[in-house]
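Asks: Dropping in structure.txt, which is compact mmCIF, C-alpha atoms:
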# COMPACT_ATOMS: atom_id res chain seq x y z
CA MET A 1 15.20 -26.20 4.98
CA THR A 2 15.03 -24.16 8.16
CA ILE A 3 14.87 -20.45 8.71
CA ASP A 4 18.42 -20.52 10.08
CA THR A 5 19.85 -21.42 6.65
CA ILE A 6 18.76 -18.10 5.13
CA GLU A 7 21.39 -15.35 5.11
CA HIS A 8 20.93 -11.69 6.02
CA ILE A 9 18.28 -12.26 8.68
CA GLU A 10 18.14 -9.74 11.51
CA ALA A 11 16.59 -10.67 14.84
CA ASN A 12 14.26 -8.38 16.80
CA ALA A 13 14.22 -5.68 14.12
CA GLN A 14 12.03 -2.59 14.28
CA ILE A 15 9.33 -2.49 11.61
CA GLU A 16 9.24 0.99 10.10
CA THR A 17 5.77 2.31 9.30
CA TRP A 18 4.32 5.73 8.53
CA PHE A 19 2.54 5.72 11.87
CA GLY A 20 5.94 5.55 13.57
CA VAL A 21 4.63 3.23 16.28
CA GLY A 22 4.42 -0.49 16.91
CA GLY A 23 6.64 -3.40 17.75
CA ARG A 24 9.42 -5.45 16.24
CA ALA A 25 9.77 -8.46 13.98
CA ASP A 26 11.15 -11.61 15.55
CA ARG A 27 13.03 -12.11 12.27
CA PHE A 28 13.55 -9.60 9.47
CA LEU A 29 14.94 -10.21 5.99
CA ARG A 30 15.89 -7.73 3.29
CA PRO A 31 16.55 -10.07 0.33
CA ARG A 32 19.11 -9.11 -2.29
CA THR A 33 17.68 -11.33 -5.02
CA VAL A 34 14.46 -13.07 -5.98
CA GLU A 35 16.23 -16.32 -5.16
CA ASP A 36 16.51 -15.12 -1.55
CA VAL A 37 12.73 -14.62 -1.53
CA VAL A 38 12.15 -18.12 -2.88
CA GLU A 39 14.40 -19.56 -0.17
CA ALA A 40 12.52 -17.68 2.53
CA VAL A 41 9.13 -18.86 1.29
CA ARG A 42 10.33 -22.45 1.02
CA SER A 43 11.61 -22.37 4.60
CA GLY A 44 8.08 -23.01 5.82
CA GLU A 45 8.10 -20.03 8.19
CA ARG A 46 5.17 -17.63 8.33
CA VAL A 47 6.09 -14.83 5.91
CA ARG A 48 4.77 -11.26 5.99
CA VAL A 49 5.80 -8.82 3.28
CA LEU A 50 6.57 -5.23 4.24
CA GLY A 51 6.00 -2.65 1.54
CA ASP A 52 6.40 1.08 2.11
CA GLY A 53 4.74 0.81 5.55
CA ALA A 54 2.22 3.50 4.57
CA ASN A 55 -0.85 1.34 5.08
CA LEU A 56 0.32 -0.73 8.04
CA LEU A 57 -0.15 -0.79 11.80
CA VAL A 58 1.98 -3.21 13.83
CA ALA A 59 0.89 -4.25 17.33
CA ASP A 60 3.05 -3.03 20.19
CA ASP A 61 4.33 -6.51 21.00
CA GLY A 62 5.48 -7.04 17.42
CA VAL A 63 5.02 -10.07 15.20
CA ASP A 64 6.26 -13.62 14.99
CA GLY A 65 7.50 -15.36 11.85
CA LEU A 66 9.59 -13.71 9.17
CA VAL A 67 9.03 -10.17 7.87
CA ILE A 68 10.44 -9.56 4.38
CA SER A 69 11.18 -6.10 3.03
CA LEU A 70 11.60 -6.02 -0.75
CA ASP A 71 12.99 -2.47 -0.89
CA ALA A 72 16.32 -3.73 -2.25
CA LEU A 73 14.47 -5.23 -5.23
CA SER A 74 13.71 -1.96 -6.98
CA ASN A 75 14.97 -2.21 -10.55
CA VAL A 76 12.88 -0.78 -13.37
CA THR A 77 13.06 -1.64 -17.06
CA TRP A 78 11.91 1.24 -19.22
CA PRO A 79 10.76 0.68 -22.81
CA ASP A 80 12.83 1.59 -25.83
CA ALA A 81 11.73 4.49 -28.03
CA ALA A 82 8.09 4.25 -29.02
CA GLN A 83 5.65 6.28 -31.07
CA PRO A 84 3.08 8.64 -29.51
CA GLY A 85 -0.15 6.82 -28.77
CA GLN A 86 1.60 3.48 -28.41
CA THR A 87 1.08 1.41 -25.25
CA VAL A 88 4.32 0.22 -23.68
CA GLU A 89 5.19 -1.89 -20.66
CA VAL A 90 7.31 -0.60 -17.79
CA ILE A 91 8.54 -3.56 -15.73
CA ALA A 92 9.18 -2.71 -12.09
CA GLU A 93 10.38 -4.88 -9.25
CA ALA A 94 8.07 -5.01 -6.26
CA GLY A 95 10.25 -2.91 -3.98
CA MET A 96 10.25 0.10 -6.30
CA ASN A 97 8.76 3.21 -4.70
CA LEU A 98 5.53 4.10 -6.51
CA PRO A 99 5.84 7.93 -6.18
CA ARG A 100 9.37 7.82 -7.66
CA LEU A 101 8.21 5.54 -10.47
CA LEU A 102 5.28 7.84 -11.19
CA LEU A 103 7.46 10.95 -11.38
CA GLU A 104 9.89 9.28 -13.76
CA ALA A 105 7.05 8.02 -15.95
CA VAL A 106 5.65 11.55 -16.24
CA ARG A 107 9.13 12.92 -16.98
CA ARG A 108 9.46 10.41 -19.82
CA GLY A 109 6.06 11.34 -21.21
CA LEU A 110 4.31 8.10 -20.22
CA GLN A 111 0.67 8.47 -19.26
CA GLY A 112 -1.37 6.30 -16.90
CA LEU A 113 0.01 6.66 -13.38
CA GLU A 114 -0.39 10.41 -12.80
CA GLY A 115 -3.80 9.94 -11.17
CA LEU A 116 -2.06 8.08 -8.33
CA GLY A 117 -0.01 11.11 -7.30
CA GLY A 118 0.31 11.41 -3.53
CA ILE A 119 -0.29 7.72 -2.83
CA PRO A 120 2.64 6.30 -0.84
CA ALA A 121 3.33 2.66 -1.66
CA SER A 122 5.78 0.21 -3.11
CA VAL A 123 4.85 -1.29 -6.47
CA GLY A 124 4.21 -4.65 -4.81
CA GLY A 125 2.04 -3.14 -2.10
CA ALA A 126 0.11 -1.05 -4.62
CA THR A 127 -0.61 -4.22 -6.57
CA ILE A 128 -1.73 -6.30 -3.60
CA MET A 129 -4.18 -3.68 -2.31
CA ASN A 130 -5.04 -2.18 -5.72
CA ALA A 131 -4.05 1.22 -4.38
CA GLY A 132 -6.00 4.15 -5.67
CA GLY A 133 -8.24 7.08 -5.01
CA ALA A 134 -10.55 9.51 -6.73
CA PHE A 135 -8.55 9.47 -9.97
CA GLY A 136 -8.03 5.77 -10.60
CA THR A 137 -6.47 2.60 -9.25
CA PHE A 138 -3.14 0.92 -9.80
CA GLY A 139 -4.78 -2.22 -11.15
CA ASP A 140 -6.08 -0.20 -14.10
CA GLN A 141 -2.52 -0.09 -15.46
CA VAL A 142 -1.25 -3.58 -14.61
CA ALA A 143 -0.42 -5.78 -17.63
CA TRP A 144 0.88 -8.81 -15.72
CA ILE A 145 2.54 -9.75 -12.45
CA GLU A 146 5.10 -12.25 -11.31
CA GLY A 147 5.25 -13.63 -7.80
CA ILE A 148 6.32 -16.47 -5.58
CA GLY A 149 3.59 -18.92 -4.59
CA PRO A 150 3.26 -20.65 -1.19
CA ALA A 151 5.34 -23.61 -2.42
CA GLY A 152 8.16 -21.34 -3.58
CA ASN A 153 7.20 -21.62 -7.25
CA THR A 154 7.31 -18.68 -9.65
CA ILE A 155 3.90 -17.66 -10.98
CA ARG A 156 3.02 -15.21 -13.74
CA ILE A 157 -0.54 -13.94 -14.03
CA ASP A 158 -1.94 -11.77 -16.82
CA ARG A 159 -4.17 -8.80 -16.03
CA ASN A 160 -7.36 -10.50 -17.22
CA ASP A 161 -6.83 -13.26 -14.66
CA ILE A 162 -6.32 -10.93 -11.69
CA PRO A 163 -9.57 -10.19 -9.82
CA PHE A 164 -8.86 -6.54 -9.09
CA SER A 165 -11.66 -4.72 -7.28
CA TYR A 166 -11.98 -1.99 -4.67
CA ARG A 167 -8.79 -2.12 -2.54
CA THR A 168 -8.12 -5.77 -3.30
CA SER A 169 -6.41 -7.91 -5.92
CA GLY A 170 -6.94 -11.48 -4.79
CA LEU A 171 -3.15 -11.92 -4.84
CA ASN A 172 -2.52 -12.07 -1.09
CA SER A 173 -1.21 -15.64 -1.25
CA LEU A 174 1.72 -14.51 -3.40
CA VAL A 175 4.89 -12.57 -2.73
CA ILE A 176 4.85 -10.16 -5.67
CA THR A 177 8.28 -9.79 -7.28
CA ARG A 178 7.70 -7.98 -10.60
CA VAL A 179 4.87 -5.98 -12.15
CA ALA A 180 4.43 -4.92 -15.77
CA ILE A 181 2.66 -1.57 -16.02
CA ALA A 182 0.94 -0.55 -19.25
CA LEU A 183 1.43 3.15 -20.05
CA THR A 184 0.75 5.30 -23.09
CA VAL A 185 3.37 7.38 -24.88
CA VAL A 186 2.21 10.99 -25.22
CA GLU A 187 3.23 13.46 -27.89
CA PRO A 188 6.06 15.82 -26.89
CA LYS A 189 3.71 18.81 -27.03
CA ARG A 190 1.41 17.13 -24.48
CA ARG A 191 4.09 16.43 -21.86
CA LEU A 192 3.51 19.77 -20.17
CA ALA A 193 -0.20 18.94 -19.81
CA LEU A 194 0.76 15.59 -18.29
CA ARG A 195 2.96 17.31 -15.69
CA GLU A 196 0.21 19.82 -14.95
CA ARG A 197 -2.26 17.00 -14.39
CA LEU A 198 0.04 15.47 -11.81
CA LYS A 199 0.31 18.84 -10.06
CA GLU A 200 -3.49 19.08 -9.96
CA VAL A 201 -3.80 15.62 -8.39
CA MET A 202 -1.13 16.44 -5.79
CA ALA A 203 -2.82 19.75 -4.95
CA TYR A 204 -6.13 17.94 -4.42
CA LYS A 205 -4.46 15.44 -2.09
CA LYS A 206 -2.77 18.19 -0.11
CA SER A 207 -6.05 20.09 0.30
CA THR A 208 -8.12 17.10 1.41
CA GLN A 209 -5.73 14.92 3.43
CA PRO A 210 -3.28 15.48 6.33
CA LEU A 211 -0.22 14.61 4.26
CA ALA A 212 2.22 16.24 6.70
CA ALA A 213 1.00 14.29 9.74
CA ARG A 214 2.13 10.87 10.95
CA SER A 215 -0.68 8.66 9.69
CA ALA A 216 -1.29 5.69 7.43
CA GLY A 217 -3.79 6.90 4.88
CA CYS A 218 -7.42 5.94 5.10
CA ILE A 219 -8.22 3.77 8.11
CA PHE A 220 -11.49 2.33 6.79
CA ARG A 221 -12.68 1.25 3.38
CA ASN A 222 -15.51 3.27 1.93
CA PRO A 223 -18.61 1.14 2.68
CA GLU A 224 -21.40 0.24 0.31
CA VAL A 225 -24.76 1.67 1.37
CA ASN A 226 -27.83 0.74 -0.67
CA GLY A 227 -25.60 -0.54 -3.45
CA GLU A 228 -23.45 2.59 -3.66
CA ARG A 229 -19.98 3.19 -2.23
CA VAL A 230 -19.99 6.18 0.11
CA SER A 231 -17.28 8.12 1.92
CA ALA A 232 -16.25 6.57 5.23
CA GLY A 233 -14.69 9.90 6.21
CA ALA A 234 -17.97 11.75 5.71
CA ILE A 235 -19.85 9.21 7.82
CA ILE A 236 -17.27 9.35 10.62
CA ASP A 237 -17.50 13.15 10.58
CA GLU A 238 -21.32 13.09 10.64
CA VAL A 239 -21.45 10.87 13.75
CA GLY A 240 -19.20 13.29 15.62
CA CYS A 241 -15.91 11.40 15.68
CA LYS A 242 -13.72 14.02 14.02
CA GLY A 243 -11.15 15.10 16.60
CA LEU A 244 -11.88 12.10 18.86
CA ARG A 245 -8.81 11.12 20.86
CA ARG A 246 -7.62 8.00 22.66
CA GLY A 247 -4.25 8.34 24.30
CA SER A 248 -2.02 10.12 21.80
CA ALA A 249 -4.00 9.01 18.74
CA ARG A 250 -6.58 11.35 17.25
CA VAL A 251 -9.07 11.33 14.39
CA SER A 252 -7.77 13.99 12.02
CA ASP A 253 -9.55 17.34 11.92
CA HIS A 254 -8.59 17.54 8.26
CA HIS A 255 -10.05 14.21 7.11
CA ALA A 256 -12.06 12.00 9.46
CA ASN A 257 -10.90 8.75 7.84
CA PHE A 258 -7.32 9.46 8.93
CA ILE A 259 -5.87 8.86 12.38
CA VAL A 260 -2.86 10.97 13.27
CA THR A 261 -0.36 10.33 16.02
CA GLU A 262 1.31 12.59 18.56
CA PRO A 263 4.42 12.02 20.68
CA GLY A 264 4.00 9.07 23.00
CA CYS A 265 1.40 7.37 20.81
CA THR A 266 1.25 3.57 20.81
CA ALA A 267 -0.30 1.07 18.44
CA THR A 268 -2.74 0.23 21.23
CA ASP A 269 -3.95 3.86 21.27
CA ILE A 270 -4.66 3.63 17.54
CA MET A 271 -6.41 0.26 17.81
CA ARG A 272 -8.64 1.54 20.63
CA LEU A 273 -9.56 4.56 18.54
CA ILE A 274 -10.31 2.39 15.50
CA ASP A 275 -12.60 0.19 17.59
CA GLU A 276 -14.42 3.18 19.06
CA VAL A 277 -15.00 4.87 15.71
CA ARG A 278 -16.27 1.63 14.21
CA ALA A 279 -18.61 1.04 17.16
CA THR A 280 -19.95 4.60 16.99
CA VAL A 281 -20.73 4.36 13.27
CA GLN A 282 -22.40 0.99 13.80
CA ARG A 283 -24.50 2.36 16.67
CA GLU A 284 -25.46 5.66 15.02
CA ARG A 285 -25.87 4.60 11.39
CA GLY A 286 -26.06 0.82 11.38
CA ILE A 287 -23.09 0.71 9.01
CA GLU A 288 -20.24 -1.73 9.55
CA LEU A 289 -16.84 -0.27 8.71
CA HIS A 290 -13.97 -2.52 7.65
CA GLU A 291 -10.31 -1.54 7.93
CA GLU A 292 -8.36 -0.51 4.88
CA VAL A 293 -5.23 -0.22 6.98
CA VAL A 294 -3.52 -3.57 7.49
CA ILE A 295 -2.96 -4.59 11.11
CA TRP A 296 -0.25 -7.09 12.04
CA ARG A 297 -0.60 -8.90 15.35
CA ARG A 298 1.55 -11.57 16.95
CA ARG A 299 0.35 -15.11 16.21
CA ASP A 300 -2.34 -13.76 13.90
CA HIS A 301 -2.40 -16.27 11.08
CA ALA A 302 -5.58 -15.14 9.38
Using structure tokens, write down the structure from this file.
Replies:
Amino acid sequence: MTIDTIEHIEANAQIETWFGVGGRADRFLRPRTVEDVVEAVRSGERVRVLGDGANLLVADDGVDGLVISLDALSNVTWPDAAQPGQTVEVIAEAGMNLPRLLLEAVRRGLQGLEGLGGIPASVGGATIMNAGGAFGTFGDQVAWIEGIGPAGNTIRIDRNDIPFSYRTSGLNSLVITRVAIALTVVEPKRRLALRERLKEVMAYKKSTQPLAARSAGCIFRNPEVNGERVSAGAIIDEVGCKGLRRGSARVSDHHANFIVTEPGCTATDIMRLIDEVRATVQRERGIELHEEVVIWRRRDHA
């Protein structure tokens, strides 16, 4: 099978990210079915999966291979009526928007995702990177996943066999297609408290992060120092990088682990700024920072 046998492929398509910068995909596919995904994987082409684009930076010259967006695969199966205190499974396709799923879960009185309020992601992307923050991680609620392996075979993995840890799942070799999320049914009288908890989480996010700016969430993972995970943003601030600018990219004044863009910004501006911040922290504190944001480069097959 060759890439040319797959339908619905667009050539030289812009890759939409929250940064609003970066290049195009040589080939872009928005599959209508899981079978389309299997066909793409079996084609033998290099496949990259685009989630919500909220944690992604694409190089200015774009990427080779085939970029797949799963946003059309967004069905959700909600559980039938259940008793308060019971754990139920919500089964979501990988392209489902996590914030929308979260809001609907809270509306239905299902507890477990509200701590992820304000985190932009698709369900598949949240699974791959174990998205999370101060109030929990997505992997905490995963019951099982289904995905397409490198040979085009369907794989199902239970939660106990997924090596979730800080911002990683160990599932990068798969194209996630479905995720079962374990949530708890709350009593009707506690639904208001559940909604209020979500509001509290959202208010915290708004007060600590530049949610209105064009950015891609945290740039660096929080490093481990002397066996403890510490705030990358605090370290970047302490070494004097808050407000640092390269071209039209700037370290946020609101949160130093965010880079925000201004008109005319390029992916190269952002990459230069990332390199400079990392070098400054290494020089001043002897701490090596690793990116949390995913960077796609042409002919980068790592």
Asks: Hey, which of A:Pro31, A:Gly247, A:Gly109, A:Pro163 ends up closest to A:Ile128? Count all atoms listed in the file.
Replies: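 The closest residue to A:Ile128 is A:Pro163.
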Asks: Which polymer residues have any atom within 10 Å of an atom of A:Ala121, counting only C-alpha atoms, with same-chain residues fewer than 5 positions away left out, as a list in words?
Replies: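 Listing them by chain and then by number gives Gly51, Asp52, Gly53, Ala54, Asn55, Gly95, Met96, Asn97, Leu98, Pro99, Arg100, Ala126, Thr127, Met129 and Ala131 of chain A.
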Asks: Would you mind telling me which residue in A:Gly233, A:Pro263, A:Pro223, A:Gly136 lies nearest to A:Leu289 when using only C-alpha atoms?
Replies: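 With only C-alpha atoms as the atom set, the closest residue is A:Pro223.
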Asks: Given only C-alpha atoms as the basis, pick out the residue of A:Val293, A:Val277, A:Val179, A:Leu110 nearest to A:Ala193.
Replies: A:Leu110
Asks: For the contact check between stretch 122-238 of chain A and stretch 40-47 of chain A, emit one row per residue of stretch 122-238 of chain A within 10 Å, containing the shortest atom pair and the distance in Å rounded to one decimal, counting only C-alpha atoms, chain then rising number order, as CSV.
Replies:
residue,atom,partner,partner_atom,distance
A:Ile148,CA,A:Val41,CA,7.8
A:Gly149,CA,A:Val41,CA,8.1
A:Pro150,CA,A:Val41,CA,6.6
A:Ala151,CA,A:Arg42,CA,6.2
A:Gly152,CA,A:Arg42,CA,5.2
A:Asn153,CA,A:Arg42,CA,8.9
A:Leu174,CA,A:Val41,CA,9.8
A:Val175,CA,A:Val41,CA,8.6
Asks: Find the residues around stretch 14-23 of chain A up to 7 Å (only C-alpha atoms counted), leave out those fewer than 4 positions away in its own chain, and share them as a ChimeraX atom specification.
Replies: /A:53-54,56-62,214-216,261,265-267
Asks: Between atom CA of A:Gly217 and atom CA of A:Val142, what is the distance, to one decimal in Å?
Replies: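 Computing it gives 22.3 Å between the two atoms.
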Asks: What's the 6 Å shell around stretch 240-242 of chain A, counting all atoms listed in the file, without same-chain residues fewer than 2 positions away, as a PyMOL selection string?
Replies: chain A and resi 236-238+244+251+253+256
Asks: For each of A:Phe164, A:Lys199, A:Ser74, A:Ile287, take the minimum atom-to-atom distance to A:Glu224, counting all atoms listed in the file, then give the residue where this is smallest.
Replies: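 So, comparing all the options, the nearest one is A:Ile287.
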Asks: For A:Lys189, please output as a PDB file with C-alpha atoms, in the frame of the given file all residues within 12 Å (counting all atoms listed in the file; exclusion window: fewer than 5 positions along the same chain).
Replies:
ATOM      1  CA  PRO A  84       3.080   8.640 -29.510  1.00  0.00           C
ATOM      2  CA  GLY A 109       6.060  11.340 -21.210  1.00  0.00           C
ATOM      3  CA  LEU A 194       0.760  15.590 -18.290  1.00  0.00           C
ATOM      4  CA  ARG A 195       2.960  17.310 -15.690  1.00  0.00           C
TER       5      ARG A 195
END
Asks: Just the number, please: distance in Å from atom CA of A:Ile181 to atom CA of A:Phe220, one decimal.
Replies: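 Taking atom CA of A:Ile181 and atom CA of A:Phe220, their separation equals 27.1 Å.
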Asks: From the set A:Ala134, A:Ile270, A:Ala25, A:Ile162, which residue has the shortest atom-to-atom contact distance to A:Asn222, counting all atoms listed in the file?
Replies: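 Between A:Ala134, A:Ile270, A:Ala25, A:Ile162, the residue approaching A:Asn222 most closely is A:Ala134.
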Asks: Measure the distance from atom CA of A:Thr77 to atom CA of A:Tyr166 in Å and round it to one decimal.
Replies: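 Atom CA of A:Tyr166 lies 27.9 Å from atom CA of A:Thr77.
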Asks: Can you tell me, as an mmCIF file with C-alpha atoms, in the coordinates of the input, what residues are no more than 12 Å from A:Ile157 when counting all atoms listed in the file, ignoring any on the same chain fewer than 2 positions away?
Replies:
data_model
loop_
_atom_site.group_PDB
_atom_site.id
_atom_site.type_symbol
_atom_site.label_atom_id
_atom_site.label_comp_id
_atom_site.auth_asym_id
_atom_site.auth_seq_id
_atom_site.Cartn_x
_atom_site.Cartn_y
_atom_site.Cartn_z
ATOM 1 C CA VAL A 142 -1.250 -3.580 -14.610
ATOM 2 C CA ALA A 143 -0.420 -5.780 -17.630
ATOM 3 C CA TRP A 144 0.880 -8.810 -15.720
ATOM 4 C CA ILE A 145 2.540 -9.750 -12.450
ATOM 5 C CA GLU A 146 5.100 -12.250 -11.310
ATOM 6 C CA GLY A 147 5.250 -13.630 -7.800
ATOM 7 C CA ILE A 148 6.320 -16.470 -5.580
ATOM 8 C CA GLY A 149 3.590 -18.920 -4.590
ATOM 9 C CA THR A 154 7.310 -18.680 -9.650
ATOM 10 C CA ILE A 155 3.900 -17.660 -10.980
ATOM 11 C CA ARG A 159 -4.170 -8.800 -16.030
ATOM 12 C CA ASN A 160 -7.360 -10.500 -17.220
ATOM 13 C CA ASP A 161 -6.830 -13.260 -14.660
ATOM 14 C CA ILE A 162 -6.320 -10.930 -11.690
ATOM 15 C CA PRO A 163 -9.570 -10.190 -9.820
ATOM 16 C CA SER A 169 -6.410 -7.910 -5.920
ATOM 17 C CA GLY A 170 -6.940 -11.480 -4.790
ATOM 18 C CA LEU A 171 -3.150 -11.920 -4.840
ATOM 19 C CA LEU A 174 1.720 -14.510 -3.400
ATOM 20 C CA ILE A 176 4.850 -10.160 -5.670
ATOM 21 C CA THR A 177 8.280 -9.790 -7.280
ATOM 22 C CA ARG A 178 7.700 -7.980 -10.600
ATOM 23 C CA VAL A 179 4.870 -5.980 -12.150
ATOM 24 C CA ALA A 180 4.430 -4.920 -15.770
#
Asks: Return the single residue from A:Asp140, A:Asp26, A:Glu35, A:Glu114 that is closest to A:Asp64, with distances computed using all atoms listed in the file.
Replies: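 Of the candidates, the smallest distance to A:Asp64 is held by A:Asp26.
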Asks: Build an axis-aligned box that encloses every atom of stretch 144-158 of chain A listed in the file, pad it by 5 Å on each side, and report its centre and edge lengths in Å to one decimal, as JSON.
Replies:
{"center_x": 3.1, "center_y": -16.2, "center_z": -9.0, "size_x": 20.1, "size_y": 24.8, "size_z": 25.6}
